[in-house]
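> One structure follows; several queries about it will come next.
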Amino acid sequence: MADLSSTRRTRARRTLIFAAFLVALALLYTGYKAFGQAIDDSQRDWWVVGSFLPRSDDKNMPPVLDILAEFGEAPREGGTTIGRLTLDGALFTLREAAVGFAAGTIIGLAIAVVLLQSRRAERGVLPYVIASQTVPLIAIAPIVVVWGRTGLEFLPWEWQDWMSVSLIATYLTFFPVAVNGLRGLQSPSPEATELMQSYAASRRQILRRLQLPASLPFLFPALRIAATASVVGAIVGEISAGVRGGLGRLILDFAGKYITGPERLYVAIIGACITGLVAVGVVAAAERLLLARRGIVAQ
Amino acid sequence: MAQDLVLEIAGLEKTFNPGRSNAVTAISDLYLAVRPREFVSIIGPSGCGKSTLLRLVGGLIEPTAGELSVNGRSAQEARLGRDYGMVFQAAGLLDWRTAIRNVELPLELMGWSKLRRRKRAKEMLELVDLGGFASHYPAELSGGMQQRVSIARALSFEPSLLLMDEPFGALDEMTREYMQTELLKIWRETATTVIFITHSIPEAVFLSTRVAVMSPRPARIAAELPIDLPERTPQTRDTEEFFRDVSLVRRTLRSVEGQ
C-alpha cells in the first residue's frame, strides 16, 4: 500500500517527466527546423538527406516562441486573443464531446447488456455494430446536421447544431464501449455465476453485483479510447458539418489564414491536443477512483 | 420420501445433448441418501461426473431422469430457498470486495440489514480464524485464506447443505491438511451436512463419516464405505485405523475402475 508521501512523490515525478517531454518535443522541433532551414539555405542537396527530407521555413515551421507568443496575440486590435478564442472553442467542443461521450457510453452499455442476454443475439447483432463503424463520418456529419435542422418536435428542447455534433461523437463512442463492455460483462467465470445462482440471485442482481463490477477493468480502456474519439469526432463533425463555435471551425478559419499567420493553426492544434488530454484525464481519474479500491493498485 | 433425509437421490440420470450425435450420459441410475449432520465424500476417477452430480444436487442443472429431493423439495426449490452453500475449487471471491463484504454478499442478496449482515459476517470470519482480515482484499490473501473466506461466505446464511467441489484441490499439501482440520472444526460447530467432492483418498477418509465411491462414466455410486475413526486430529493421519480405511477406499476404487 502506497502511503501519502510516496504518492505525492510519484505525482511530482510524473509532472517532471511530462515537463521534460514537452521541452524535448520543443527542442526536437527547433532542431529539425534549423536543420531543414540549413538545407533550404544551402540551395543544394546535402548528400542524400536533402533530397527526401522536407525543408523548413518560418511558414511551415514557425518558431516555438512565436507560437507561444501567438496565444496572447489578438487578430483585431484590442480584440479577443487567439489563446482566448482557442479556449472558448475548446470548451465548446468539450461540451459537445462530453454530451456525446455520455450518450455513447449509455448506449454502448445498453447494447452490451442486451447482447449479454443470449449468444444468438450476440452473433446476430454484433456484426452490425462493427459494420456501423465503416460508415465514413465525414460523409454523414452534414446529413446529421441537416436532419437536426428539420425541427425535431418530439424533443423537450429545441435541437441545436452542437447536438448534431454530439450525436456524431456518440456514434464514435458507443462502439468501443459496447464491444469491450460485452467482453467485461462476460468475464466472470461460470463458477462465479453459479455461486450467485446458488444464493438464488436474480438476473438483475447478478448483473449489478457481479457482471457490471467485473466489467470495469475492461470498460475503462474502452472509455479512454472513447474519450479521445469523442473529441476527435466532435472536431471532425464541426468541420464537415460547418458548425460554428468550436475548435473545428477555428481550425478551418486558421487554416484559411495559414499563409499570413501559420502560428495560429499551431495554437489551435495544441488546443485540440489539450482538449483530448483533458477528456482522457477525466476518465483516468474516474478509473483510479473506482479501481484503486480493489486491492490491486490501478496503474 | 423419508423426512429425516437431507438429500435423497433415486435413479438419477443426466445426459448432455440428448438425442444428438454428441450425446454423453454422464450419470445414470445413481442412488444416494444423506442424513442430517453427515459428512459424505464422493470420490471417483477424474472426469466421472462428480462435479455434474454436485451441480444437479445444487439445482444448477436439470436431471434428465430420476428423483432428487432436498429436505423434501426439488433441487430448484431448494436452491431458491437457499438451502445450499457452495464452495468450488476456485474461491471465487469478488476481487473488488473486501473479505467481510464478500461474506456479506449472499446476505445482501437476501435483503438483510447492513448492521445485521455485518455482525454475521464478522462472526463467520472469526469461525474460519480470519477475524483480523475483514478489510483485506482477496488479492492480499493467500490461497488458503481465500478458500476460508469462501467457506465463511457459503455458511453465512446457515444453509442446510454444504456442497463442496474439490475445495482444497488448488492448495499445497500443508495448507490442505490444515484446511481439513479447520473444516472439521467448522462442521462440528455449525452442525451442517456436507457433501464433499474430492479425488484425494486420504482427504476423503480423514473428513468423512461416509465415503461414496463413484464408477467411471456413466457414473453411479458403486460402493459406500462408512468411516469410523475414533478421533480426527492431525495425528489421526498416522494411525493404524486411518491407513486401514485409506487402503480400503483405494482397493474399492481400483475394483470399481477395473469393471
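Note on naming: chains are A, B, ... as they come in the C-alpha cells, residues start from 1 per chain, ligands start from 1 in the order shown.
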Name all residues at most 9 Å from stretch 100-113 of chain B (count only C-alpha atoms; drop same-chain ones fewer than 5 positions away) and give them as a VMD selection string.
(chain A and resid 196 199 to 202 205 209) or (chain B and resid 93 to 95 118 120 to 122 124 to 125 133 to 136 149 to 157)
> Got time to write the residues from that selection, N, CA, C and O atoms, as a short mmCIF file (atom, residue, chain, number, x, y, z; two decimals), in the first residue's frame?

```cif
data_model
loop_
_atom_site.label_atom_id
_atom_site.label_comp_id
_atom_site.auth_asym_id
_atom_site.auth_seq_id
_atom_site.Cartn_x
_atom_site.Cartn_y
_atom_site.Cartn_z
N MET A 196 -23.55 -17.22 -7.61
CA MET A 196 -24.64 -16.25 -7.47
C MET A 196 -25.99 -16.97 -7.57
O MET A 196 -26.92 -16.65 -6.83
N TYR A 199 -27.06 -18.57 -4.48
CA TYR A 199 -27.67 -17.68 -3.50
C TYR A 199 -29.04 -17.23 -3.96
O TYR A 199 -29.60 -16.30 -3.41
N ALA A 200 -29.56 -17.89 -5.01
CA ALA A 200 -30.86 -17.54 -5.57
C ALA A 200 -30.90 -16.09 -6.03
O ALA A 200 -31.92 -15.41 -5.91
N ALA A 201 -29.77 -15.60 -6.58
CA ALA A 201 -29.73 -14.23 -7.07
C ALA A 201 -30.52 -14.12 -8.37
O ALA A 201 -30.49 -15.03 -9.20
N SER A 202 -31.23 -13.01 -8.54
CA SER A 202 -31.97 -12.80 -9.78
C SER A 202 -30.99 -12.34 -10.87
O SER A 202 -29.85 -11.98 -10.58
N GLN A 205 -29.74 -8.97 -10.16
CA GLN A 205 -28.75 -8.94 -9.08
C GLN A 205 -27.39 -9.42 -9.59
O GLN A 205 -26.36 -8.87 -9.22
N ARG A 209 -24.31 -6.97 -9.19
CA ARG A 209 -23.28 -7.26 -8.18
C ARG A 209 -22.08 -7.99 -8.76
O ARG A 209 -21.02 -7.98 -8.17
N LEU B 93 -13.93 -15.39 -5.03
CA LEU B 93 -14.27 -14.16 -4.31
C LEU B 93 -14.31 -13.01 -5.31
O LEU B 93 -13.61 -13.03 -6.31
N LEU B 94 -15.16 -12.03 -5.03
CA LEU B 94 -15.20 -10.86 -5.88
C LEU B 94 -14.04 -9.96 -5.49
O LEU B 94 -13.96 -9.51 -4.35
N ASP B 95 -13.12 -9.74 -6.41
CA ASP B 95 -11.86 -9.10 -6.02
C ASP B 95 -12.01 -7.61 -5.73
O ASP B 95 -11.08 -6.97 -5.29
N ARG B 118 -23.37 -7.32 8.74
CA ARG B 118 -22.02 -7.03 9.19
C ARG B 118 -21.66 -7.89 10.41
O ARG B 118 -20.58 -8.48 10.50
N ARG B 120 -23.10 -10.76 11.37
CA ARG B 120 -22.99 -12.17 10.99
C ARG B 120 -21.67 -12.45 10.26
O ARG B 120 -20.97 -13.42 10.56
N ALA B 121 -21.33 -11.57 9.32
CA ALA B 121 -20.11 -11.78 8.53
C ALA B 121 -18.88 -11.79 9.45
O ALA B 121 -17.95 -12.58 9.26
N LYS B 122 -18.92 -10.92 10.46
CA LYS B 122 -17.81 -10.86 11.41
C LYS B 122 -17.70 -12.19 12.16
O LYS B 122 -16.61 -12.74 12.31
N MET B 124 -18.73 -15.08 11.12
CA MET B 124 -18.30 -16.13 10.20
C MET B 124 -16.79 -16.06 9.96
O MET B 124 -16.12 -17.08 9.90
N LEU B 125 -16.26 -14.85 9.83
CA LEU B 125 -14.82 -14.71 9.62
C LEU B 125 -14.06 -15.21 10.85
O LEU B 125 -12.99 -15.81 10.74
N PHE B 133 -8.74 -10.21 9.29
CA PHE B 133 -8.52 -9.90 7.88
C PHE B 133 -9.76 -9.37 7.19
O PHE B 133 -9.86 -9.39 5.97
N ALA B 134 -10.71 -8.88 8.00
CA ALA B 134 -12.01 -8.46 7.45
C ALA B 134 -11.87 -7.45 6.33
O ALA B 134 -12.55 -7.54 5.32
N SER B 135 -10.96 -6.49 6.49
CA SER B 135 -10.91 -5.42 5.50
C SER B 135 -9.83 -5.65 4.45
O SER B 135 -9.46 -4.74 3.72
N HIS B 136 -9.32 -6.89 4.37
CA HIS B 136 -8.35 -7.19 3.32
C HIS B 136 -9.06 -7.55 2.02
O HIS B 136 -10.12 -8.17 2.04
N VAL B 149 -12.40 -17.77 3.39
CA VAL B 149 -13.41 -16.71 3.23
C VAL B 149 -14.60 -17.29 2.45
O VAL B 149 -15.76 -17.06 2.77
N SER B 150 -14.26 -18.08 1.42
CA SER B 150 -15.30 -18.68 0.59
C SER B 150 -16.20 -19.61 1.42
O SER B 150 -17.42 -19.65 1.23
N ILE B 151 -15.59 -20.36 2.35
CA ILE B 151 -16.37 -21.24 3.23
C ILE B 151 -17.24 -20.40 4.17
O ILE B 151 -18.43 -20.69 4.36
N ALA B 152 -16.66 -19.33 4.70
CA ALA B 152 -17.42 -18.44 5.58
C ALA B 152 -18.63 -17.88 4.84
O ALA B 152 -19.73 -17.80 5.37
N ARG B 153 -18.41 -17.53 3.57
CA ARG B 153 -19.48 -16.97 2.76
C ARG B 153 -20.58 -18.01 2.55
O ARG B 153 -21.77 -17.72 2.66
N ALA B 154 -20.14 -19.25 2.24
CA ALA B 154 -21.12 -20.30 1.97
C ALA B 154 -21.96 -20.63 3.21
O ALA B 154 -23.11 -21.03 3.09
N LEU B 155 -21.36 -20.46 4.39
CA LEU B 155 -22.08 -20.82 5.61
C LEU B 155 -22.83 -19.65 6.23
O LEU B 155 -23.59 -19.82 7.18
N SER B 156 -22.63 -18.45 5.67
CA SER B 156 -23.14 -17.24 6.32
C SER B 156 -24.65 -17.26 6.50
O SER B 156 -25.17 -16.73 7.47
N PHE B 157 -25.36 -17.86 5.56
CA PHE B 157 -26.82 -17.84 5.65
C PHE B 157 -27.37 -19.16 6.19
O PHE B 157 -28.55 -19.47 6.01
#
```
> Hey, what's within 8 Å of B:Gln76 if we count only C-alpha atoms and toss same-chain stuff fewer than 2 positions away? As a PDB file with all heavy atoms, in the first residue's frame, please?

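Dumped everything to part18.pdb:
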```pdb
ATOM      1  N   GLY B  58     -27.229 -29.217  -6.549  1.00  0.00           N
ATOM      2  CA  GLY B  58     -27.361 -27.791  -6.273  1.00  0.00           C
ATOM      3  C   GLY B  58     -28.435 -27.096  -7.085  1.00  0.00           C
ATOM      4  O   GLY B  58     -28.635 -25.897  -6.939  1.00  0.00           O
ATOM      5  N   GLY B  59     -29.081 -27.845  -7.981  1.00  0.00           N
ATOM      6  CA  GLY B  59     -30.142 -27.236  -8.777  1.00  0.00           C
ATOM      7  C   GLY B  59     -29.622 -26.286  -9.834  1.00  0.00           C
ATOM      8  O   GLY B  59     -30.351 -25.427 -10.321  1.00  0.00           O
ATOM      9  N   LEU B  60     -28.343 -26.420 -10.200  1.00  0.00           N
ATOM     10  CA  LEU B  60     -27.770 -25.541 -11.219  1.00  0.00           C
ATOM     11  C   LEU B  60     -28.019 -26.101 -12.606  1.00  0.00           C
ATOM     12  O   LEU B  60     -28.062 -25.370 -13.588  1.00  0.00           O
ATOM     13  CB  LEU B  60     -26.267 -25.357 -10.988  1.00  0.00           C
ATOM     14  CG  LEU B  60     -25.888 -24.661  -9.683  1.00  0.00           C
ATOM     15  CD1 LEU B  60     -24.389 -24.723  -9.447  1.00  0.00           C
ATOM     16  CD2 LEU B  60     -26.355 -23.208  -9.699  1.00  0.00           C
ATOM     17  N   SER B  74     -37.737 -30.118  -4.395  1.00  0.00           N
ATOM     18  CA  SER B  74     -36.904 -30.318  -5.585  1.00  0.00           C
ATOM     19  C   SER B  74     -35.643 -29.472  -5.440  1.00  0.00           C
ATOM     20  O   SER B  74     -35.587 -28.537  -4.643  1.00  0.00           O
ATOM     21  CB  SER B  74     -37.673 -29.899  -6.834  1.00  0.00           C
ATOM     22  OG  SER B  74     -37.662 -28.499  -6.953  1.00  0.00           O
ATOM     23  N   ALA B  78     -35.121 -25.944  -3.593  1.00  0.00           N
ATOM     24  CA  ALA B  78     -34.133 -25.844  -2.521  1.00  0.00           C
ATOM     25  C   ALA B  78     -33.138 -24.723  -2.808  1.00  0.00           C
ATOM     26  O   ALA B  78     -32.757 -23.974  -1.905  1.00  0.00           O
ATOM     27  CB  ALA B  78     -33.401 -27.164  -2.360  1.00  0.00           C
ATOM     28  N   ARG B  79     -32.755 -24.604  -4.079  1.00  0.00           N
ATOM     29  CA  ARG B  79     -31.803 -23.538  -4.438  1.00  0.00           C
ATOM     30  C   ARG B  79     -32.437 -22.173  -4.201  1.00  0.00           C
ATOM     31  O   ARG B  79     -31.841 -21.298  -3.590  1.00  0.00           O
ATOM     32  CB  ARG B  79     -31.403 -23.662  -5.914  1.00  0.00           C
ATOM     33  CG  ARG B  79     -30.443 -22.587  -6.369  1.00  0.00           C
ATOM     34  CD  ARG B  79     -29.969 -22.818  -7.783  1.00  0.00           C
ATOM     35  NE  ARG B  79     -31.012 -22.654  -8.782  1.00  0.00           N
ATOM     36  CZ  ARG B  79     -31.406 -21.458  -9.273  1.00  0.00           C
ATOM     37  NH1 ARG B  79     -30.823 -20.366  -8.853  1.00  0.00           N
ATOM     38  NH2 ARG B  79     -32.352 -21.389 -10.169  1.00  0.00           N
ATOM     39  N   LEU B  80     -33.684 -22.012  -4.656  1.00  0.00           N
ATOM     40  CA  LEU B  80     -34.356 -20.724  -4.477  1.00  0.00           C
ATOM     41  C   LEU B  80     -34.662 -20.469  -3.008  1.00  0.00           C
ATOM     42  O   LEU B  80     -34.779 -19.323  -2.580  1.00  0.00           O
ATOM     43  CB  LEU B  80     -35.629 -20.680  -5.331  1.00  0.00           C
ATOM     44  CG  LEU B  80     -35.348 -20.741  -6.844  1.00  0.00           C
ATOM     45  CD1 LEU B  80     -36.642 -20.837  -7.639  1.00  0.00           C
ATOM     46  CD2 LEU B  80     -34.541 -19.532  -7.299  1.00  0.00           C
TER      47      LEU B  80
END
```
> Give the answer as one residue: which of A:Ala12, A:Leu195, A:Ala222, A:Leu68 has the shortest atom-to-atom distance to chain B, using only C-alpha atoms?
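The answer is A:Leu195, which sits nearest to chain B.
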> Which is closest to B:Leu12 among B:Ala139, B:Leu54, B:Gly49, B:Gly66, if we use only C-alpha atoms?
B:Gly66
> What are the residues of chain A lining chain B at 10 Å or less? Count only C-alpha atoms, and put the answer as a list in words.
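Listing them in order of chain and number gives Pro188, Ser189, Pro190, Glu191, Ala192, Thr193, Glu194, Leu195, Met196, Gln197, Ser198, Tyr199, Ala200, Ala201, Ser202, Gln205, Ile206, Arg209, Leu210, Pro213, Ala214, Leu290, Leu291, Ala292, Arg293, Arg294, Gly295 and Ile296 of chain A.
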> Those selected residues, please, written with N, CA and C atoms and delivered as an mmCIF file, in the first residue's frame.

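Saved as again_21.cif:
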```
data_model
loop_
_atom_site.group_PDB
_atom_site.id
_atom_site.type_symbol
_atom_site.label_atom_id
_atom_site.label_comp_id
_atom_site.auth_asym_id
_atom_site.auth_seq_id
_atom_site.Cartn_x
_atom_site.Cartn_y
_atom_site.Cartn_z
ATOM 1 N N PRO A 188 -16.778 -12.813 -15.847
ATOM 2 C CA PRO A 188 -16.820 -13.697 -14.677
ATOM 3 C C PRO A 188 -16.852 -15.181 -15.081
ATOM 4 N N SER A 189 -16.193 -16.015 -14.277
ATOM 5 C CA SER A 189 -16.131 -17.438 -14.593
ATOM 6 C C SER A 189 -17.511 -18.064 -14.414
ATOM 7 N N PRO A 190 -17.758 -19.221 -15.060
ATOM 8 C CA PRO A 190 -19.044 -19.900 -14.869
ATOM 9 C C PRO A 190 -19.292 -20.185 -13.388
ATOM 10 N N GLU A 191 -18.227 -20.500 -12.638
ATOM 11 C CA GLU A 191 -18.382 -20.780 -11.211
ATOM 12 C C GLU A 191 -18.915 -19.559 -10.469
ATOM 13 N N ALA A 192 -18.403 -18.376 -10.843
ATOM 14 C CA ALA A 192 -18.856 -17.165 -10.158
ATOM 15 C C ALA A 192 -20.356 -16.970 -10.377
ATOM 16 N N THR A 193 -20.809 -17.230 -11.601
ATOM 17 C CA THR A 193 -22.232 -17.102 -11.899
ATOM 18 C C THR A 193 -23.025 -18.167 -11.149
ATOM 19 N N GLU A 194 -22.480 -19.396 -11.116
ATOM 20 C CA GLU A 194 -23.164 -20.479 -10.402
ATOM 21 C C GLU A 194 -23.286 -20.177 -8.918
ATOM 22 N N LEU A 195 -22.236 -19.563 -8.363
ATOM 23 C CA LEU A 195 -22.300 -19.177 -6.958
ATOM 24 C C LEU A 195 -23.450 -18.207 -6.718
ATOM 25 N N MET A 196 -23.552 -17.217 -7.606
ATOM 26 C CA MET A 196 -24.642 -16.247 -7.474
ATOM 27 C C MET A 196 -25.985 -16.966 -7.570
ATOM 28 N N GLN A 197 -26.075 -17.932 -8.480
ATOM 29 C CA GLN A 197 -27.328 -18.680 -8.619
ATOM 30 C C GLN A 197 -27.621 -19.491 -7.369
ATOM 31 N N SER A 198 -26.546 -19.982 -6.733
ATOM 32 C CA SER A 198 -26.767 -20.779 -5.529
ATOM 33 C C SER A 198 -27.285 -19.910 -4.385
ATOM 34 N N TYR A 199 -27.061 -18.574 -4.482
ATOM 35 C CA TYR A 199 -27.668 -17.683 -3.495
ATOM 36 C C TYR A 199 -29.044 -17.232 -3.957
ATOM 37 N N ALA A 200 -29.557 -17.892 -5.009
ATOM 38 C CA ALA A 200 -30.863 -17.539 -5.574
ATOM 39 C C ALA A 200 -30.903 -16.090 -6.034
ATOM 40 N N ALA A 201 -29.767 -15.600 -6.578
ATOM 41 C CA ALA A 201 -29.726 -14.227 -7.074
ATOM 42 C C ALA A 201 -30.517 -14.119 -8.373
ATOM 43 N N SER A 202 -31.231 -13.011 -8.536
ATOM 44 C CA SER A 202 -31.967 -12.796 -9.781
ATOM 45 C C SER A 202 -30.990 -12.344 -10.866
ATOM 46 N N GLN A 205 -29.741 -8.971 -10.164
ATOM 47 C CA GLN A 205 -28.750 -8.943 -9.083
ATOM 48 C C GLN A 205 -27.391 -9.425 -9.586
ATOM 49 N N ILE A 206 -27.416 -10.462 -10.435
ATOM 50 C CA ILE A 206 -26.151 -10.958 -10.989
ATOM 51 C C ILE A 206 -25.500 -9.877 -11.832
ATOM 52 N N ARG A 209 -24.309 -6.966 -9.190
ATOM 53 C CA ARG A 209 -23.282 -7.259 -8.184
ATOM 54 C C ARG A 209 -22.080 -7.988 -8.759
ATOM 55 N N LEU A 210 -22.277 -8.683 -9.876
ATOM 56 C CA LEU A 210 -21.165 -9.473 -10.412
ATOM 57 C C LEU A 210 -20.684 -8.942 -11.767
ATOM 58 N N PRO A 213 -19.597 -4.842 -12.042
ATOM 59 C CA PRO A 213 -18.291 -4.533 -11.441
ATOM 60 C C PRO A 213 -17.138 -5.273 -12.123
ATOM 61 N N ALA A 214 -17.395 -6.498 -12.568
ATOM 62 C CA ALA A 214 -16.332 -7.258 -13.233
ATOM 63 C C ALA A 214 -15.970 -6.646 -14.581
ATOM 64 N N LEU A 290 -12.346 4.454 -8.930
ATOM 65 C CA LEU A 290 -13.198 3.266 -8.844
ATOM 66 C C LEU A 290 -12.405 1.974 -8.681
ATOM 67 N N LEU A 291 -11.228 1.921 -9.280
ATOM 68 C CA LEU A 291 -10.492 0.648 -9.280
ATOM 69 C C LEU A 291 -9.408 0.566 -8.230
ATOM 70 N N ALA A 292 -8.981 1.707 -7.693
ATOM 71 C CA ALA A 292 -7.880 1.667 -6.733
ATOM 72 C C ALA A 292 -8.305 0.945 -5.464
ATOM 73 N N ARG A 293 -9.629 0.858 -5.231
ATOM 74 C CA ARG A 293 -10.098 0.243 -4.008
ATOM 75 C C ARG A 293 -10.172 -1.271 -4.116
ATOM 76 N N ARG A 294 -9.610 -1.821 -5.150
ATOM 77 C CA ARG A 294 -9.735 -3.263 -5.335
ATOM 78 C C ARG A 294 -8.540 -4.032 -4.788
ATOM 79 N N GLY A 295 -7.652 -3.334 -4.109
ATOM 80 C CA GLY A 295 -6.514 -4.060 -3.578
ATOM 81 C C GLY A 295 -5.410 -4.210 -4.610
ATOM 82 N N ILE A 296 -5.798 -4.238 -5.878
ATOM 83 C CA ILE A 296 -4.801 -4.215 -6.933
ATOM 84 C C ILE A 296 -4.607 -2.744 -7.222
#
```
> Need to verify the contact set: A:Asp66, 10 Å, only C-alpha atoms, exclusion of same-chain residues closer than 3 positions in sequence. Can you return it as a list in words?
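Residues meeting the cut-off are Asp58, Pro62, Pro63, Ala69, Glu70, Phe71, Pro262, Glu263 and Arg264 of chain A.
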> Can you spit out the residues from that selection as a PDB file, in the first residue's frame, using N, CA, C and O atoms?

```
ATOM      1  N   ASP A  58       9.900  29.575 -41.908  1.00  0.00           N
ATOM      2  CA  ASP A  58       9.023  30.086 -40.861  1.00  0.00           C
ATOM      3  C   ASP A  58       7.549  29.888 -41.194  1.00  0.00           C
ATOM      4  O   ASP A  58       6.684  30.038 -40.341  1.00  0.00           O
ATOM      5  N   PRO A  62       6.782  27.535 -37.874  1.00  0.00           N
ATOM      6  CA  PRO A  62       7.052  28.782 -37.162  1.00  0.00           C
ATOM      7  C   PRO A  62       7.814  28.500 -35.869  1.00  0.00           C
ATOM      8  O   PRO A  62       7.639  27.438 -35.272  1.00  0.00           O
ATOM      9  N   PRO A  63       8.681  29.427 -35.432  1.00  0.00           N
ATOM     10  CA  PRO A  63       9.472  29.192 -34.212  1.00  0.00           C
ATOM     11  C   PRO A  63       8.579  28.959 -32.995  1.00  0.00           C
ATOM     12  O   PRO A  63       7.501  29.551 -32.904  1.00  0.00           O
ATOM     13  N   ALA A  69       3.893  32.941 -28.300  1.00  0.00           N
ATOM     14  CA  ALA A  69       3.515  34.357 -28.244  1.00  0.00           C
ATOM     15  C   ALA A  69       2.142  34.561 -28.878  1.00  0.00           C
ATOM     16  O   ALA A  69       1.373  35.438 -28.461  1.00  0.00           O
ATOM     17  N   GLU A  70       1.821  33.723 -29.864  1.00  0.00           N
ATOM     18  CA  GLU A  70       0.568  33.858 -30.596  1.00  0.00           C
ATOM     19  C   GLU A  70      -0.653  33.703 -29.676  1.00  0.00           C
ATOM     20  O   GLU A  70      -1.701  34.276 -29.941  1.00  0.00           O
ATOM     21  N   PHE A  71      -0.466  32.929 -28.592  1.00  0.00           N
ATOM     22  CA  PHE A  71      -1.578  32.749 -27.644  1.00  0.00           C
ATOM     23  C   PHE A  71      -2.091  34.108 -27.154  1.00  0.00           C
ATOM     24  O   PHE A  71      -3.277  34.297 -26.914  1.00  0.00           O
ATOM     25  N   PRO A 262       0.792  31.444 -39.775  1.00  0.00           N
ATOM     26  CA  PRO A 262       0.781  29.993 -39.533  1.00  0.00           C
ATOM     27  C   PRO A 262       0.729  29.635 -38.046  1.00  0.00           C
ATOM     28  O   PRO A 262       0.245  28.576 -37.684  1.00  0.00           O
ATOM     29  N   GLU A 263       1.190  30.567 -37.183  1.00  0.00           N
ATOM     30  CA  GLU A 263       1.256  30.253 -35.766  1.00  0.00           C
ATOM     31  C   GLU A 263      -0.124  29.914 -35.192  1.00  0.00           C
ATOM     32  O   GLU A 263      -0.258  29.105 -34.294  1.00  0.00           O
ATOM     33  N   ARG A 264      -1.130  30.596 -35.744  1.00  0.00           N
ATOM     34  CA  ARG A 264      -2.485  30.402 -35.199  1.00  0.00           C
ATOM     35  C   ARG A 264      -2.943  28.956 -35.292  1.00  0.00           C
ATOM     36  O   ARG A 264      -3.541  28.429 -34.366  1.00  0.00           O
TER      37      ARG A 264
END
```
> Quick one: of B:Val128, B:Leu162, B:Met214, B:Val57, who's nearest to B:Thr198, counting only C-alpha atoms?
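Distance minimum relative to B:Thr198 lands on B:Met214.
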> What residues in stretch 3-250 of chain B get the DSSP label helix (DSSP H, G or I)? Please answer as number ranges by chain.
B: 50-57, 75-80, 99-109, 114-127, 131-133, 138-140, 143-155, 173-190, 201-207, 234-238, 240-250
> Write the residues of the preceding selection, restricted to C-alpha atoms, as a short mmCIF file (atom, residue, chain, number, x, y, z; two decimals), in the first residue's frame.

```cif
data_model
loop_
_atom_site.label_atom_id
_atom_site.label_comp_id
_atom_site.auth_asym_id
_atom_site.auth_seq_id
_atom_site.Cartn_x
_atom_site.Cartn_y
_atom_site.Cartn_z
CA LYS B 50 -18.58 -35.82 -9.72
CA SER B 51 -18.98 -32.15 -10.46
CA THR B 52 -22.03 -32.86 -12.59
CA LEU B 53 -23.59 -34.64 -9.62
CA LEU B 54 -22.89 -31.66 -7.38
CA ARG B 55 -24.44 -29.27 -9.89
CA LEU B 56 -27.51 -31.50 -10.13
CA VAL B 57 -27.86 -31.56 -6.36
CA ALA B 75 -33.37 -29.10 -6.18
CA GLN B 76 -34.70 -25.94 -7.85
CA GLU B 77 -36.96 -25.15 -4.92
CA ALA B 78 -34.13 -25.84 -2.52
CA ARG B 79 -31.80 -23.54 -4.44
CA LEU B 80 -34.36 -20.72 -4.48
CA ALA B 99 -13.16 -10.25 2.78
CA ILE B 100 -16.03 -9.19 5.02
CA ARG B 101 -18.03 -7.73 2.14
CA ASN B 102 -17.56 -10.99 0.23
CA VAL B 103 -19.04 -12.88 3.16
CA GLU B 104 -21.88 -10.36 3.27
CA LEU B 105 -22.76 -10.86 -0.39
CA PRO B 106 -25.37 -13.64 -0.02
CA LEU B 107 -26.91 -11.83 2.95
CA GLU B 108 -27.07 -8.66 0.89
CA LEU B 109 -28.95 -10.53 -1.84
CA LYS B 114 -26.43 -3.68 6.92
CA LEU B 115 -25.99 -3.93 10.68
CA ARG B 116 -27.22 -7.50 10.85
CA ARG B 117 -25.13 -8.79 7.96
CA ARG B 118 -22.02 -7.03 9.19
CA LYS B 119 -22.43 -8.75 12.55
CA ARG B 120 -22.99 -12.17 10.99
CA ALA B 121 -20.11 -11.78 8.53
CA LYS B 122 -17.81 -10.86 11.41
CA GLU B 123 -18.84 -14.00 13.29
CA MET B 124 -18.30 -16.13 10.20
CA LEU B 125 -14.82 -14.71 9.62
CA GLU B 126 -13.98 -15.48 13.25
CA LEU B 127 -15.27 -19.01 12.74
CA GLY B 131 -11.25 -12.18 12.22
CA GLY B 132 -8.25 -9.93 11.66
CA PHE B 133 -8.52 -9.90 7.88
CA PRO B 138 -8.76 -11.08 -1.90
CA ALA B 139 -5.55 -10.12 -3.72
CA GLU B 140 -3.96 -9.61 -0.30
CA GLY B 143 -4.99 -19.22 -1.45
CA GLY B 144 -5.90 -20.98 1.79
CA MET B 145 -7.23 -17.78 3.33
CA GLN B 146 -9.31 -17.04 0.24
CA GLN B 147 -10.82 -20.51 0.45
CA ARG B 148 -11.64 -19.97 4.11
CA VAL B 149 -13.41 -16.71 3.23
CA SER B 150 -15.30 -18.68 0.59
CA ILE B 151 -16.37 -21.24 3.23
CA ALA B 152 -17.42 -18.44 5.58
CA ARG B 153 -19.48 -16.97 2.76
CA ALA B 154 -21.12 -20.30 1.97
CA LEU B 155 -22.08 -20.82 5.61
CA GLU B 173 -0.26 -30.28 0.94
CA MET B 174 0.46 -28.48 4.23
CA THR B 175 -2.26 -25.89 3.75
CA ARG B 176 -4.57 -28.65 2.64
CA GLU B 177 -4.18 -30.67 5.83
CA TYR B 178 -4.60 -27.54 7.90
CA MET B 179 -7.78 -26.68 5.99
CA GLN B 180 -9.15 -30.18 6.56
CA THR B 181 -8.76 -29.80 10.30
CA GLU B 182 -10.39 -26.37 10.11
CA LEU B 183 -13.28 -27.71 8.07
CA LEU B 184 -13.95 -30.47 10.60
CA LYS B 185 -13.97 -27.90 13.37
CA ILE B 186 -16.44 -25.74 11.44
CA TRP B 187 -18.56 -28.76 10.61
CA ARG B 188 -18.81 -29.70 14.29
CA GLU B 189 -19.55 -26.14 15.37
CA THR B 190 -22.21 -25.45 12.75
CA ILE B 201 -8.35 -40.70 -0.82
CA PRO B 202 -6.69 -39.60 2.45
CA GLU B 203 -8.71 -36.40 2.35
CA ALA B 204 -11.97 -38.31 1.92
CA VAL B 205 -11.12 -40.70 4.75
CA PHE B 206 -9.94 -38.02 7.16
CA LEU B 207 -13.02 -35.82 6.71
CA PRO B 234 -3.69 -34.16 12.71
CA GLN B 235 -2.21 -37.23 14.49
CA THR B 236 -5.05 -39.40 13.20
CA ARG B 237 -3.33 -39.48 9.81
CA ASP B 238 -0.59 -41.66 11.29
CA GLU B 240 -3.49 -47.83 12.06
CA GLU B 241 -7.23 -47.24 11.55
CA PHE B 242 -6.61 -44.39 9.17
CA PHE B 243 -4.28 -46.47 6.99
CA ARG B 244 -6.72 -49.35 7.03
CA ASP B 245 -9.58 -47.15 5.80
CA VAL B 246 -7.40 -45.43 3.20
CA SER B 247 -6.39 -48.75 1.73
CA LEU B 248 -9.98 -49.99 1.85
CA VAL B 249 -11.13 -46.98 -0.18
CA ARG B 250 -8.20 -47.40 -2.53
#
```
